[in-house]
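A short write-up of the structure that comes next.
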Amino acid sequence: MTLNSWSFYQLRSFLEYKGIQFGVEVIAVPPAWTSQTCHKCLHIGMRSDKRFKCTAKTCSWSGDAD
């Protein structure tokens, strides 16, 4: 079985199961805006192809979008 044949539900179930098994909290994040949200300050930024730039004046992080 390859990873790309898993459904999102099945992958989430596996992660939750392993989280419980190893005592790690698994948090489901709504997918809306995740590809446009800065990982440092959680501000919505600008994504262009494979580049991301945070538009918050206090952060201004930029780098690979993935």
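Naming scheme: A, B, ... for chains in displayed order of the structure tokens; residues 1 onward per chain; ligands 1 onward as shown.
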| task | For Asp66 (chain A), work out the shell of residues within 9 Å, counting only C-alpha atoms and skipping chain neighbours fewer than 2 positions away, then give it as a list of chain:residue names. | result | A:Ser35, A:Lys50, A:Arg51, A:Phe52, A:Gly63, A:Asp64
Using the selection just defined, write its residues with N, CA, C and O atoms as an mmCIF file, in the first residue's frame.
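Contents of out.cif, freshly written:
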```cif
data_model
loop_
_atom_site.group_PDB
_atom_site.id
_atom_site.type_symbol
_atom_site.label_atom_id
_atom_site.label_comp_id
_atom_site.auth_asym_id
_atom_site.auth_seq_id
_atom_site.Cartn_x
_atom_site.Cartn_y
_atom_site.Cartn_z
ATOM 1 N N SER A 35 -2.584 27.128 3.605
ATOM 2 C CA SER A 35 -1.476 27.363 2.679
ATOM 3 C C SER A 35 -1.121 28.840 2.568
ATOM 4 O O SER A 35 -0.141 29.196 1.926
ATOM 5 N N LYS A 50 5.768 28.760 -5.349
ATOM 6 C CA LYS A 50 6.361 28.038 -4.221
ATOM 7 C C LYS A 50 6.920 28.971 -3.154
ATOM 8 O O LYS A 50 7.627 28.541 -2.258
ATOM 9 N N ARG A 51 6.636 30.259 -3.223
ATOM 10 C CA ARG A 51 7.165 31.234 -2.265
ATOM 11 C C ARG A 51 6.038 31.781 -1.393
ATOM 12 O O ARG A 51 4.920 31.973 -1.855
ATOM 13 N N PHE A 52 6.362 32.035 -0.131
ATOM 14 C CA PHE A 52 5.414 32.631 0.802
ATOM 15 C C PHE A 52 6.066 33.831 1.461
ATOM 16 O O PHE A 52 7.241 33.792 1.809
ATOM 17 N N GLY A 63 9.818 32.662 2.680
ATOM 18 C CA GLY A 63 10.532 31.427 2.392
ATOM 19 C C GLY A 63 9.706 30.511 1.536
ATOM 20 O O GLY A 63 8.722 30.917 0.916
ATOM 21 N N ASP A 64 10.089 29.245 1.509
ATOM 22 C CA ASP A 64 9.396 28.238 0.731
ATOM 23 C C ASP A 64 7.970 28.073 1.249
ATOM 24 O O ASP A 64 7.740 27.985 2.455
#
```
| request: Write out as a PyMOL selection string the residues lying within 12 Å of Lys57 (chain A), counting only C-alpha atoms and excluding same-chain residues fewer than 4 positions away. | output: chain A and resi 41+43-45+53+61
Produce a file of the selected residues containing N, CA, C and O atoms, as a PDB file, in the first residue's frame.
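Saved result, result08.pdb, follows:
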```
ATOM      1  N   CYS A  41       3.525  33.719  12.902  1.00  0.00           N
ATOM      2  CA  CYS A  41       2.621  34.662  13.573  1.00  0.00           C
ATOM      3  C   CYS A  41       1.141  34.407  13.284  1.00  0.00           C
ATOM      4  O   CYS A  41       0.290  35.105  13.804  1.00  0.00           O
ATOM      5  N   HIS A  43      -0.565  35.055  10.680  1.00  0.00           N
ATOM      6  CA  HIS A  43      -1.168  36.104   9.858  1.00  0.00           C
ATOM      7  C   HIS A  43      -1.332  35.566   8.436  1.00  0.00           C
ATOM      8  O   HIS A  43      -0.522  34.785   7.963  1.00  0.00           O
ATOM      9  N   ILE A  44      -2.382  36.000   7.745  1.00  0.00           N
ATOM     10  CA  ILE A  44      -2.576  35.624   6.346  1.00  0.00           C
ATOM     11  C   ILE A  44      -1.582  36.411   5.503  1.00  0.00           C
ATOM     12  O   ILE A  44      -1.529  37.638   5.585  1.00  0.00           O
ATOM     13  N   GLY A  45      -0.794  35.710   4.711  1.00  0.00           N
ATOM     14  CA  GLY A  45       0.230  36.359   3.901  1.00  0.00           C
ATOM     15  C   GLY A  45      -0.007  36.158   2.425  1.00  0.00           C
ATOM     16  O   GLY A  45      -1.107  35.824   1.989  1.00  0.00           O
ATOM     17  N   LYS A  53       5.290  34.918   1.615  1.00  0.00           N
ATOM     18  CA  LYS A  53       5.778  36.099   2.315  1.00  0.00           C
ATOM     19  C   LYS A  53       4.694  36.573   3.268  1.00  0.00           C
ATOM     20  O   LYS A  53       3.566  36.820   2.862  1.00  0.00           O
ATOM     21  N   TRP A  61       8.215  37.321   7.636  1.00  0.00           N
ATOM     22  CA  TRP A  61       8.927  36.080   7.291  1.00  0.00           C
ATOM     23  C   TRP A  61       8.662  35.750   5.840  1.00  0.00           C
ATOM     24  O   TRP A  61       7.581  35.950   5.305  1.00  0.00           O
TER      25      TRP A  61
END
```
| request: Check the DSSP output for the backbone and give back, as a ChimeraX atom specification, the residues of chain A in strand (DSSP E or B). | output: /A:37,44,46-48,51-53,62-64
| request: Can you pull out every residue within 12 Å of Ser13 (chain A), counting only C-alpha atoms, but drop anything in the same chain fewer than 5 positions away, and send it as a ChimeraX atom specification? | output: /A:6-8,18-20,26-28
| query | Tell me, which residues of chain A carry DSSP helix (DSSP H, G or I), written as number ranges by chain? | reply | A: 3-5, 8-22, 34-36
With N, CA and C atoms kept, could you save the residues just selected as a compact mmCIF listing (two decimals), in the first residue's frame?
```txt
# COMPACT_ATOMS: atom_id res chain seq x y z
N LEU A 3 1.36 5.53 0.26
CA LEU A 3 0.74 6.64 1.00
C LEU A 3 -0.31 7.37 0.19
N ASN A 4 -0.08 7.53 -1.09
CA ASN A 4 -1.02 8.31 -1.89
C ASN A 4 -2.33 7.59 -2.16
N SER A 5 -2.47 6.34 -1.75
CA SER A 5 -3.73 5.64 -1.94
C SER A 5 -4.63 5.76 -0.70
N PHE A 8 -8.09 10.75 3.18
CA PHE A 8 -7.76 11.67 4.28
C PHE A 8 -8.31 11.14 5.60
N TYR A 9 -9.50 10.53 5.56
CA TYR A 9 -10.08 9.98 6.78
C TYR A 9 -9.21 8.86 7.33
N GLN A 10 -8.73 7.99 6.45
CA GLN A 10 -7.89 6.88 6.89
C GLN A 10 -6.57 7.39 7.46
N LEU A 11 -5.96 8.36 6.81
CA LEU A 11 -4.71 8.93 7.31
C LEU A 11 -4.93 9.58 8.68
N ARG A 12 -6.02 10.33 8.82
CA ARG A 12 -6.33 10.96 10.10
C ARG A 12 -6.55 9.91 11.19
N SER A 13 -7.25 8.83 10.85
CA SER A 13 -7.47 7.75 11.81
C SER A 13 -6.16 7.13 12.26
N PHE A 14 -5.25 6.90 11.32
CA PHE A 14 -3.94 6.34 11.67
C PHE A 14 -3.17 7.29 12.60
N LEU A 15 -3.19 8.58 12.28
CA LEU A 15 -2.48 9.55 13.12
C LEU A 15 -3.07 9.62 14.52
N GLU A 16 -4.39 9.62 14.62
CA GLU A 16 -5.03 9.66 15.93
C GLU A 16 -4.71 8.41 16.73
N TYR A 17 -4.74 7.25 16.09
CA TYR A 17 -4.42 5.99 16.75
C TYR A 17 -2.99 6.01 17.29
N LYS A 18 -2.05 6.42 16.46
CA LYS A 18 -0.65 6.47 16.89
C LYS A 18 -0.45 7.53 17.96
N GLY A 19 -1.17 8.64 17.87
CA GLY A 19 -1.08 9.68 18.89
C GLY A 19 -1.51 9.14 20.25
N ILE A 20 -2.62 8.42 20.28
CA ILE A 20 -3.08 7.82 21.53
C ILE A 20 -2.08 6.79 22.04
N GLN A 21 -1.56 5.98 21.13
CA GLN A 21 -0.61 4.92 21.49
C GLN A 21 0.65 5.49 22.14
N PHE A 22 1.13 6.62 21.64
CA PHE A 22 2.38 7.19 22.12
C PHE A 22 2.19 8.42 23.02
N THR A 34 -4.80 27.38 5.31
CA THR A 34 -3.54 26.84 5.84
C THR A 34 -2.36 27.09 4.90
N SER A 35 -2.58 27.13 3.60
CA SER A 35 -1.48 27.36 2.68
C SER A 35 -1.12 28.84 2.57
N GLN A 36 -1.92 29.72 3.19
CA GLN A 36 -1.67 31.15 3.11
C GLN A 36 -1.42 31.76 4.49
```
| request: Mind giving me the straight-line distance from CA of Pro31 (chain A) to CA of Ala56 (chain A) in Å, one decimal? | output: 21.0 Å
| Straight-line distance linking CA of Thr58 (chain A) with CA of Val29 (chain A), stated in Å to one decimal | 24.5 Å
| remark: One decimal place gives the CA of Ser62 (chain A)-CA of Pro30 (chain A) separation as 22.9 Å
